[in-house]
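Step one of this worksheet: look at the structure below.
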Amino acid sequence: MSELAGARVLVTGASRGIGRAVALELARHGAKVAGLATRRANLEPVAAAVRAAGGEFLELEGDVADPKCAAACVEAVLEAWGGLDGLVANAGITRDNLLLRMSEQQFQEVIATNLGGVFHCVKAAARPMLKQRSGRMVLVGSVVALIGNPGQANYCAAKAGLHGLARSVALELGSRGITVNVVAPGYIQTEMTEDLPEAAKAALTGKTALGRPGTPEDVAGAVRFLLGPAGGYITGQILVVDGGLSLG
Ligand code: NAP
């Protein structure tokens, strides 16, 4: 029996990178996956891959920064599958700049998407999970929230916010059988990091104990663990998936 058989999971930012790998990993282990991206068309390849393997995938379009988006996504999942067992709040953006050059807009966009978007999704997902008295939430943070990163004050502030959000909501929802955790990736090879200068990529890789960048699949395995039976007694935690980058 697959470990996530029949689990209904909403994954934001499922069109590429980490979210896509998470969607495929969960579907491979039996979950029904609803994936969100800003354009439905971007989800077609992942939807086709899940369906070709015999799984179920629901394409959802919207902007996580819009508070109405999360509620509409959860509603669509409930309509399609009658309940919601898991949330993977993964959608995120970067607008990097050094502090004195960072515009209000760059700061606000990242906070609205990477922190506000997660808040909206957590709140919307909590409603059906509270009724069911069960649920798993995994918020995708970042290791830079723990160690800082020049040029990413906005991004680090938003990701650090997820830690307080996860811990507080874990305390609020735990008595109803709902767990809330953060997975904090290090340097992962995706479109988000592909434009970094080669020297920066080499420096990041050099800081890892394992001597290699992470893959989206490295993160997807950790997310599956927290959503699956083995993660049932873990809540309010930050699981760092960085190949040892933050060890110093
Ligand atoms: P990515 O390749 O840029 O993918 C981002 C995903 O989020 C895409 O599916 C994108 O969908 C979606 N998205 C972006 N803005 C959205 C919005 N406003 N509403 C809905 N969906 C939106 O990034 P990634 O590297 O996979 O990162 C995924 C998560 O991991 C992010 O939260 C990121 O901060 C975090 N993370 C990444 C790394 C890394 O090294 N890559 C490290 C630590 C943490 P469309 O563009 O198709 O709409």
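Ordering of the structure tokens sets the chain letters (A, B, ...), residue numbers begin anew at 1 in every chain, and ligands are numbered from 1 in the order given.
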Next on the checklist: I'd like the neighbourhood of A:Val46 as a ChimeraX atom specification, where a residue qualifies if any of its atoms comes within 8 Å (using only C-alpha atoms), though same-chain residues fewer than 5 positions away should be ignored.
Outcome noted: /A:14-15,20,23-24
Next on the checklist: Distance limit 6 Å, reference ligand 1, atoms considered: only C-alpha atoms and all ligand atoms. Which residues make the cut? Give them as a ChimeraX atom specification.
Outcome noted: /A:12-19,36-39,42,62-65,90-93,113,140-142,185-193
Extract, using only C-alpha atoms, all DNA, RNA and protein residues at most 12 Å from A:Tyr155, discarding same-chain residues fewer than 5 positions from it, and format them as a CSV table (one decimal) with N, CA and C atoms, in the first residue's frame.
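The result, stored in out-v9.csv:
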```csv
chain,number,residue,atom,x,y,z
A,92,GLY,N,7.1,30.8,-4.2
A,92,GLY,CA,7.9,31.8,-3.6
A,92,GLY,C,8.6,32.6,-4.8
A,93,ILE,N,9.1,33.8,-4.5
A,93,ILE,CA,9.8,34.6,-5.4
A,93,ILE,C,11.0,35.3,-4.8
A,94,THR,N,11.9,35.8,-5.6
A,94,THR,CA,13.0,36.6,-5.1
A,94,THR,C,13.0,38.0,-5.8
A,95,ARG,N,13.4,39.0,-5.1
A,95,ARG,CA,13.6,40.3,-5.7
A,95,ARG,C,14.8,40.9,-5.0
A,96,ASP,N,16.0,40.3,-5.4
A,96,ASP,CA,17.2,40.6,-4.6
A,96,ASP,C,17.8,42.0,-4.9
A,97,ASN,N,18.3,42.6,-3.8
A,97,ASN,CA,19.0,43.8,-3.9
A,97,ASN,C,19.6,44.1,-2.6
A,98,LEU,N,20.7,44.9,-2.6
A,98,LEU,CA,21.3,45.3,-1.3
A,98,LEU,C,20.4,46.3,-0.6
A,99,LEU,N,20.4,46.3,0.7
A,99,LEU,CA,19.5,47.1,1.5
A,99,LEU,C,19.2,48.5,1.0
A,102,MET,N,17.3,48.5,-2.2
A,102,MET,CA,16.0,47.8,-2.2
A,102,MET,C,14.9,48.7,-2.2
A,106,GLN,N,10.1,46.1,-4.0
A,106,GLN,CA,10.8,44.8,-3.9
A,106,GLN,C,10.6,44.2,-2.6
A,107,PHE,N,10.6,45.0,-1.5
A,107,PHE,CA,10.4,44.5,-0.2
A,107,PHE,C,8.9,43.9,-0.1
A,108,GLN,N,8.0,44.8,-0.5
A,108,GLN,CA,6.6,44.4,-0.2
A,108,GLN,C,6.1,43.2,-1.1
A,109,GLU,N,6.7,43.1,-2.3
A,109,GLU,CA,6.3,42.0,-3.2
A,109,GLU,C,6.7,40.7,-2.6
A,110,VAL,N,7.9,40.6,-2.0
A,110,VAL,CA,8.4,39.4,-1.5
A,110,VAL,C,7.6,39.0,-0.2
A,111,ILE,N,7.4,40.0,0.6
A,111,ILE,CA,6.6,39.8,1.9
A,111,ILE,C,5.2,39.3,1.5
A,112,ALA,N,4.6,40.0,0.5
A,112,ALA,CA,3.2,39.6,0.2
A,112,ALA,C,3.1,38.2,-0.4
A,113,THR,N,4.1,37.8,-1.1
A,113,THR,CA,4.0,36.4,-1.8
A,113,THR,C,4.6,35.4,-0.8
A,114,ASN,N,5.8,35.6,-0.3
A,114,ASN,CA,6.5,34.5,0.5
A,114,ASN,C,6.0,34.4,1.9
A,115,LEU,N,5.4,35.4,2.5
A,115,LEU,CA,4.9,35.3,3.8
A,115,LEU,C,3.4,35.5,3.8
A,141,GLY,N,10.4,27.1,3.7
A,141,GLY,CA,11.2,28.2,4.1
A,141,GLY,C,12.5,28.3,3.3
A,142,SER,N,13.6,28.7,4.1
A,142,SER,CA,14.9,28.7,3.5
A,142,SER,C,15.9,28.7,4.6
A,143,VAL,N,17.0,28.1,4.3
A,143,VAL,CA,18.1,28.1,5.3
A,143,VAL,C,18.6,29.5,5.5
A,144,VAL,N,18.5,30.4,4.5
A,144,VAL,CA,19.0,31.8,4.7
A,144,VAL,C,18.2,32.5,5.8
A,145,ALA,N,17.0,32.1,6.1
A,145,ALA,CA,16.3,32.7,7.2
A,145,ALA,C,17.0,32.4,8.6
A,146,LEU,N,17.8,31.4,8.6
A,146,LEU,CA,18.6,31.1,9.8
A,146,LEU,C,19.9,31.8,9.9
A,148,GLY,N,21.0,34.3,7.3
A,148,GLY,CA,21.1,35.6,6.6
A,148,GLY,C,21.8,35.5,5.3
A,149,ASN,N,21.5,36.5,4.4
A,149,ASN,CA,22.2,36.4,3.1
A,149,ASN,C,22.2,37.8,2.5
A,150,PRO,N,23.4,38.4,2.2
A,150,PRO,CA,23.5,39.7,1.7
A,150,PRO,C,22.6,39.8,0.4
A,160,ALA,N,12.0,34.0,7.5
A,160,ALA,CA,12.1,33.9,8.9
A,160,ALA,C,10.7,34.0,9.6
A,161,GLY,N,9.8,34.8,8.9
A,161,GLY,CA,8.4,34.9,9.4
A,161,GLY,C,7.7,33.6,9.4
A,162,LEU,N,8.1,32.7,8.5
A,162,LEU,CA,7.4,31.4,8.4
A,162,LEU,C,7.6,30.6,9.6
```
Pick out the residues sitting within 12 Å of A:Ala203, and hand them over as a PDB file with all heavy atoms, in the first residue's frame; count only C-alpha atoms, and ignore anything fewer than 4 positions along from it in its own chain.
```pdb
ATOM      1  N   TYR A 187      20.973  25.525  -0.979  1.00  0.00           N
ATOM      2  CA  TYR A 187      21.128  25.897  -2.392  1.00  0.00           C
ATOM      3  C   TYR A 187      20.648  24.735  -3.259  1.00  0.00           C
ATOM      4  O   TYR A 187      21.271  23.683  -3.299  1.00  0.00           O
ATOM      5  CB  TYR A 187      22.597  26.243  -2.666  1.00  0.00           C
ATOM      6  CG  TYR A 187      22.965  26.319  -4.131  1.00  0.00           C
ATOM      7  CD1 TYR A 187      22.105  26.898  -5.070  1.00  0.00           C
ATOM      8  CD2 TYR A 187      24.184  25.823  -4.581  1.00  0.00           C
ATOM      9  CE1 TYR A 187      22.442  26.946  -6.410  1.00  0.00           C
ATOM     10  CE2 TYR A 187      24.536  25.876  -5.920  1.00  0.00           C
ATOM     11  CZ  TYR A 187      23.664  26.432  -6.829  1.00  0.00           C
ATOM     12  OH  TYR A 187      23.995  26.483  -8.156  1.00  0.00           O
ATOM     13  N   LEU A 196      22.182  32.911 -10.862  1.00  0.00           N
ATOM     14  CA  LEU A 196      23.255  33.356  -9.958  1.00  0.00           C
ATOM     15  C   LEU A 196      24.579  33.301 -10.713  1.00  0.00           C
ATOM     16  O   LEU A 196      24.798  32.405 -11.541  1.00  0.00           O
ATOM     17  CB  LEU A 196      23.352  32.426  -8.745  1.00  0.00           C
ATOM     18  CG  LEU A 196      22.261  32.518  -7.673  1.00  0.00           C
ATOM     19  CD1 LEU A 196      22.446  31.406  -6.637  1.00  0.00           C
ATOM     20  CD2 LEU A 196      22.294  33.874  -6.996  1.00  0.00           C
ATOM     21  N   PRO A 197      25.492  34.233 -10.420  1.00  0.00           N
ATOM     22  CA  PRO A 197      26.807  34.150 -11.062  1.00  0.00           C
ATOM     23  C   PRO A 197      27.486  32.818 -10.729  1.00  0.00           C
ATOM     24  O   PRO A 197      27.290  32.282  -9.643  1.00  0.00           O
ATOM     25  CB  PRO A 197      27.575  35.324 -10.426  1.00  0.00           C
ATOM     26  CG  PRO A 197      26.544  36.215  -9.823  1.00  0.00           C
ATOM     27  CD  PRO A 197      25.355  35.365  -9.505  1.00  0.00           C
ATOM     28  N   GLU A 198      28.275  32.311 -11.682  1.00  0.00           N
ATOM     29  CA  GLU A 198      28.931  31.010 -11.471  1.00  0.00           C
ATOM     30  C   GLU A 198      29.769  31.007 -10.198  1.00  0.00           C
ATOM     31  O   GLU A 198      29.827  30.003  -9.477  1.00  0.00           O
ATOM     32  CB  GLU A 198      29.811  30.647 -12.685  1.00  0.00           C
ATOM     33  CG  GLU A 198      29.010  30.255 -13.927  1.00  0.00           C
ATOM     34  CD  GLU A 198      27.970  29.154 -13.682  1.00  0.00           C
ATOM     35  OE1 GLU A 198      28.311  28.151 -13.025  1.00  0.00           O
ATOM     36  OE2 GLU A 198      26.809  29.308 -14.129  1.00  0.00           O
ATOM     37  N   ALA A 199      30.397  32.156  -9.894  1.00  0.00           N
ATOM     38  CA  ALA A 199      31.247  32.225  -8.692  1.00  0.00           C
ATOM     39  C   ALA A 199      30.402  32.047  -7.434  1.00  0.00           C
ATOM     40  O   ALA A 199      30.828  31.392  -6.476  1.00  0.00           O
ATOM     41  CB  ALA A 199      31.985  33.565  -8.658  1.00  0.00           C
ATOM     42  N   LYS A 207      30.409  25.592   0.369  1.00  0.00           N
ATOM     43  CA  LYS A 207      30.044  25.662   1.790  1.00  0.00           C
ATOM     44  C   LYS A 207      29.308  24.409   2.274  1.00  0.00           C
ATOM     45  O   LYS A 207      29.121  24.219   3.464  1.00  0.00           O
ATOM     46  CB  LYS A 207      29.133  26.875   2.030  1.00  0.00           C
ATOM     47  CG  LYS A 207      29.882  28.187   2.095  1.00  0.00           C
ATOM     48  CD  LYS A 207      28.913  29.289   2.522  1.00  0.00           C
ATOM     49  CE  LYS A 207      29.545  30.648   2.320  1.00  0.00           C
ATOM     50  NZ  LYS A 207      28.557  31.730   2.381  1.00  0.00           N
ATOM     51  N   THR A 208      28.819  23.590   1.339  1.00  0.00           N
ATOM     52  CA  THR A 208      28.069  22.402   1.767  1.00  0.00           C
ATOM     53  C   THR A 208      29.041  21.323   2.243  1.00  0.00           C
ATOM     54  O   THR A 208      30.148  21.190   1.702  1.00  0.00           O
ATOM     55  CB  THR A 208      27.211  21.791   0.623  1.00  0.00           C
ATOM     56  OG1 THR A 208      28.093  21.336  -0.416  1.00  0.00           O
ATOM     57  CG2 THR A 208      26.238  22.801   0.044  1.00  0.00           C
ATOM     58  N   GLY A 211      29.351  18.718  -0.579  1.00  0.00           N
ATOM     59  CA  GLY A 211      30.113  19.072  -1.777  1.00  0.00           C
ATOM     60  C   GLY A 211      29.307  19.104  -3.058  1.00  0.00           C
ATOM     61  O   GLY A 211      29.861  18.985  -4.149  1.00  0.00           O
ATOM     62  N   ARG A 212      27.991  19.283  -2.938  1.00  0.00           N
ATOM     63  CA  ARG A 212      27.164  19.387  -4.152  1.00  0.00           C
ATOM     64  C   ARG A 212      25.929  20.226  -3.854  1.00  0.00           C
ATOM     65  O   ARG A 212      25.484  20.291  -2.701  1.00  0.00           O
ATOM     66  CB  ARG A 212      26.749  18.006  -4.664  1.00  0.00           C
ATOM     67  CG  ARG A 212      25.779  17.263  -3.744  1.00  0.00           C
ATOM     68  CD  ARG A 212      25.155  16.064  -4.438  1.00  0.00           C
ATOM     69  NE  ARG A 212      24.274  15.306  -3.551  1.00  0.00           N
ATOM     70  CZ  ARG A 212      22.968  15.560  -3.379  1.00  0.00           C
ATOM     71  NH1 ARG A 212      22.392  16.565  -4.014  1.00  0.00           N
ATOM     72  NH2 ARG A 212      22.239  14.821  -2.570  1.00  0.00           N
ATOM     73  N   PRO A 213      25.379  20.854  -4.899  1.00  0.00           N
ATOM     74  CA  PRO A 213      24.107  21.563  -4.709  1.00  0.00           C
ATOM     75  C   PRO A 213      22.991  20.545  -4.500  1.00  0.00           C
ATOM     76  O   PRO A 213      23.152  19.371  -4.858  1.00  0.00           O
ATOM     77  CB  PRO A 213      23.887  22.303  -6.031  1.00  0.00           C
ATOM     78  CG  PRO A 213      25.005  21.951  -6.924  1.00  0.00           C
ATOM     79  CD  PRO A 213      25.851  20.897  -6.283  1.00  0.00           C
ATOM     80  N   LEU A 245      25.134  23.051   4.365  1.00  0.00           N
ATOM     81  CA  LEU A 245      25.557  24.421   4.031  1.00  0.00           C
ATOM     82  C   LEU A 245      25.602  25.350   5.244  1.00  0.00           C
ATOM     83  O   LEU A 245      26.477  26.188   5.376  1.00  0.00           O
ATOM     84  CB  LEU A 245      24.614  24.984   2.961  1.00  0.00           C
ATOM     85  CG  LEU A 245      24.932  26.323   2.308  1.00  0.00           C
ATOM     86  CD1 LEU A 245      24.337  26.338   0.897  1.00  0.00           C
ATOM     87  CD2 LEU A 245      24.367  27.503   3.071  1.00  0.00           C
TER      88      LEU A 245
END
```
Checklist entry - Can you list every residue in stretch 2-243 of chain A that DSSP puts in strand (DSSP E or B), as a ChimeraX atom specification? => result /A:8-12,32-37,57-61,86-89,97,135-140,152,178-185,188,214,238-241
Item to check | Nearest to A:Gly83 by atom-to-atom distance, counting only C-alpha atoms, from A:Arg167, A:Arg133, A:Arg176, A:Lys201 | outcome: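 Result for the nearest residue to A:Gly83: A:Arg133.
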Checklist entry - Taking the backbone alone, and naming residues the way the document does, which bits of stretch 59-231 of chain A are helix (DSSP H, G or I) by DSSP, as a PyMOL selection string? => result chain A and resi 67-81+99-101+104-132+144-147+153-176+191-194+198-207+216-227+229-231
Checklist entry - So how far away is atom CA of A:Val9 from atom CA of A:Glu44, in Å? => result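 Interatomic distance, atom CA of A:Glu44 to atom CA of A:Val9: 17.7 Å.
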Checklist entry - What does the distance between atom CA of A:Val77 and atom CA of A:Lys159 come to in Å, to one decimal place? => result 26.2 Å
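In terms of minimum interatomic distance to A:Glu217, A:Val241 ranks closest within A:Glu75, A:Gly236, A:Glu59, A:Val241, counting only C-alpha atoms.
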Checklist entry - Hey, what's within 9 Å of A:Val50 if we count only C-alpha atoms and toss same-chain stuff fewer than 4 positions away? As a ChimeraX atom specification, please? => result /A:23-24,27-28,33,45-46,54-57
Okay, now the selection with N, CA, C and O atoms, as a PDB file, in the first residue's frame?
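Full text of part.pdb as output:
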```pdb
ATOM      1  N   ALA A  23       5.190  17.607  -6.128  1.00  0.00           N
ATOM      2  CA  ALA A  23       3.946  17.086  -6.723  1.00  0.00           C
ATOM      3  C   ALA A  23       4.166  15.677  -7.278  1.00  0.00           C
ATOM      4  O   ALA A  23       3.370  14.766  -7.048  1.00  0.00           O
ATOM      5  N   LEU A  24       5.264  15.491  -8.005  1.00  0.00           N
ATOM      6  CA  LEU A  24       5.543  14.177  -8.603  1.00  0.00           C
ATOM      7  C   LEU A  24       5.821  13.125  -7.525  1.00  0.00           C
ATOM      8  O   LEU A  24       5.350  11.996  -7.606  1.00  0.00           O
ATOM      9  N   ALA A  27       2.536  12.246  -5.720  1.00  0.00           N
ATOM     10  CA  ALA A  27       1.673  11.446  -6.603  1.00  0.00           C
ATOM     11  C   ALA A  27       2.217  10.024  -6.730  1.00  0.00           C
ATOM     12  O   ALA A  27       1.465   9.059  -6.724  1.00  0.00           O
ATOM     13  N   ARG A  28       3.544   9.911  -6.816  1.00  0.00           N
ATOM     14  CA  ARG A  28       4.179   8.585  -6.919  1.00  0.00           C
ATOM     15  C   ARG A  28       3.866   7.728  -5.697  1.00  0.00           C
ATOM     16  O   ARG A  28       3.835   6.522  -5.765  1.00  0.00           O
ATOM     17  N   VAL A  33      -2.991  15.170  -6.138  1.00  0.00           N
ATOM     18  CA  VAL A  33      -2.310  16.451  -5.985  1.00  0.00           C
ATOM     19  C   VAL A  33      -3.048  17.559  -6.721  1.00  0.00           C
ATOM     20  O   VAL A  33      -3.347  17.443  -7.910  1.00  0.00           O
ATOM     21  N   PRO A  45       2.650  20.241 -18.115  1.00  0.00           N
ATOM     22  CA  PRO A  45       3.612  19.108 -18.128  1.00  0.00           C
ATOM     23  C   PRO A  45       3.551  18.265 -16.857  1.00  0.00           C
ATOM     24  O   PRO A  45       3.579  17.030 -16.944  1.00  0.00           O
ATOM     25  N   VAL A  46       3.447  18.901 -15.699  1.00  0.00           N
ATOM     26  CA  VAL A  46       3.430  18.110 -14.464  1.00  0.00           C
ATOM     27  C   VAL A  46       2.114  17.344 -14.346  1.00  0.00           C
ATOM     28  O   VAL A  46       2.094  16.167 -13.930  1.00  0.00           O
ATOM     29  N   GLY A  54      -0.824   7.276 -13.845  1.00  0.00           N
ATOM     30  CA  GLY A  54      -2.051   6.748 -13.230  1.00  0.00           C
ATOM     31  C   GLY A  54      -2.556   7.553 -12.052  1.00  0.00           C
ATOM     32  O   GLY A  54      -3.495   7.141 -11.367  1.00  0.00           O
ATOM     33  N   GLY A  55      -1.960   8.724 -11.802  1.00  0.00           N
ATOM     34  CA  GLY A  55      -2.371   9.528 -10.649  1.00  0.00           C
ATOM     35  C   GLY A  55      -3.407  10.580 -11.007  1.00  0.00           C
ATOM     36  O   GLY A  55      -3.789  10.736 -12.169  1.00  0.00           O
ATOM     37  N   GLU A  56      -3.864  11.300  -9.975  1.00  0.00           N
ATOM     38  CA  GLU A  56      -4.849  12.375 -10.180  1.00  0.00           C
ATOM     39  C   GLU A  56      -4.197  13.716  -9.902  1.00  0.00           C
ATOM     40  O   GLU A  56      -3.498  13.872  -8.892  1.00  0.00           O
ATOM     41  N   PHE A  57      -4.459  14.693 -10.778  1.00  0.00           N
ATOM     42  CA  PHE A  57      -3.882  16.033 -10.627  1.00  0.00           C
ATOM     43  C   PHE A  57      -4.947  17.061 -10.973  1.00  0.00           C
ATOM     44  O   PHE A  57      -5.667  16.915 -11.955  1.00  0.00           O
TER      45      PHE A  57
END
```
Item to check | Shortest interatomic distance to A:Ala21 - which of A:Gly221, A:Gly174, A:Gly244, A:Pro216, counting only C-alpha atoms | outcome: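 For A:Ala21, the nearest of the candidates is A:Pro216.
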Item to check | Option closest in space to A:Lys131, from A:Gly177, A:Gly86, A:Gly248, A:Gly6 [counting only C-alpha atoms] | outcome: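 Of all the options, A:Gly177 lies closest to A:Lys131.
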Next on the checklist: Residues near stretch 67-72 of chain A, anyone? I mean within 10 Å using only C-alpha atoms, not counting same-chain ones fewer than 6 positions away, as a ChimeraX atom specification.
Outcome noted: /A:10,12,36,60-61,78,112,116-125,127
Next on the checklist: Ranking A:Val183, A:Pro128, A:Leu43, A:Gly243 by minimum distance to A:Ala89 and counting only C-alpha atoms, which one comes first?
Outcome noted: A:Val183
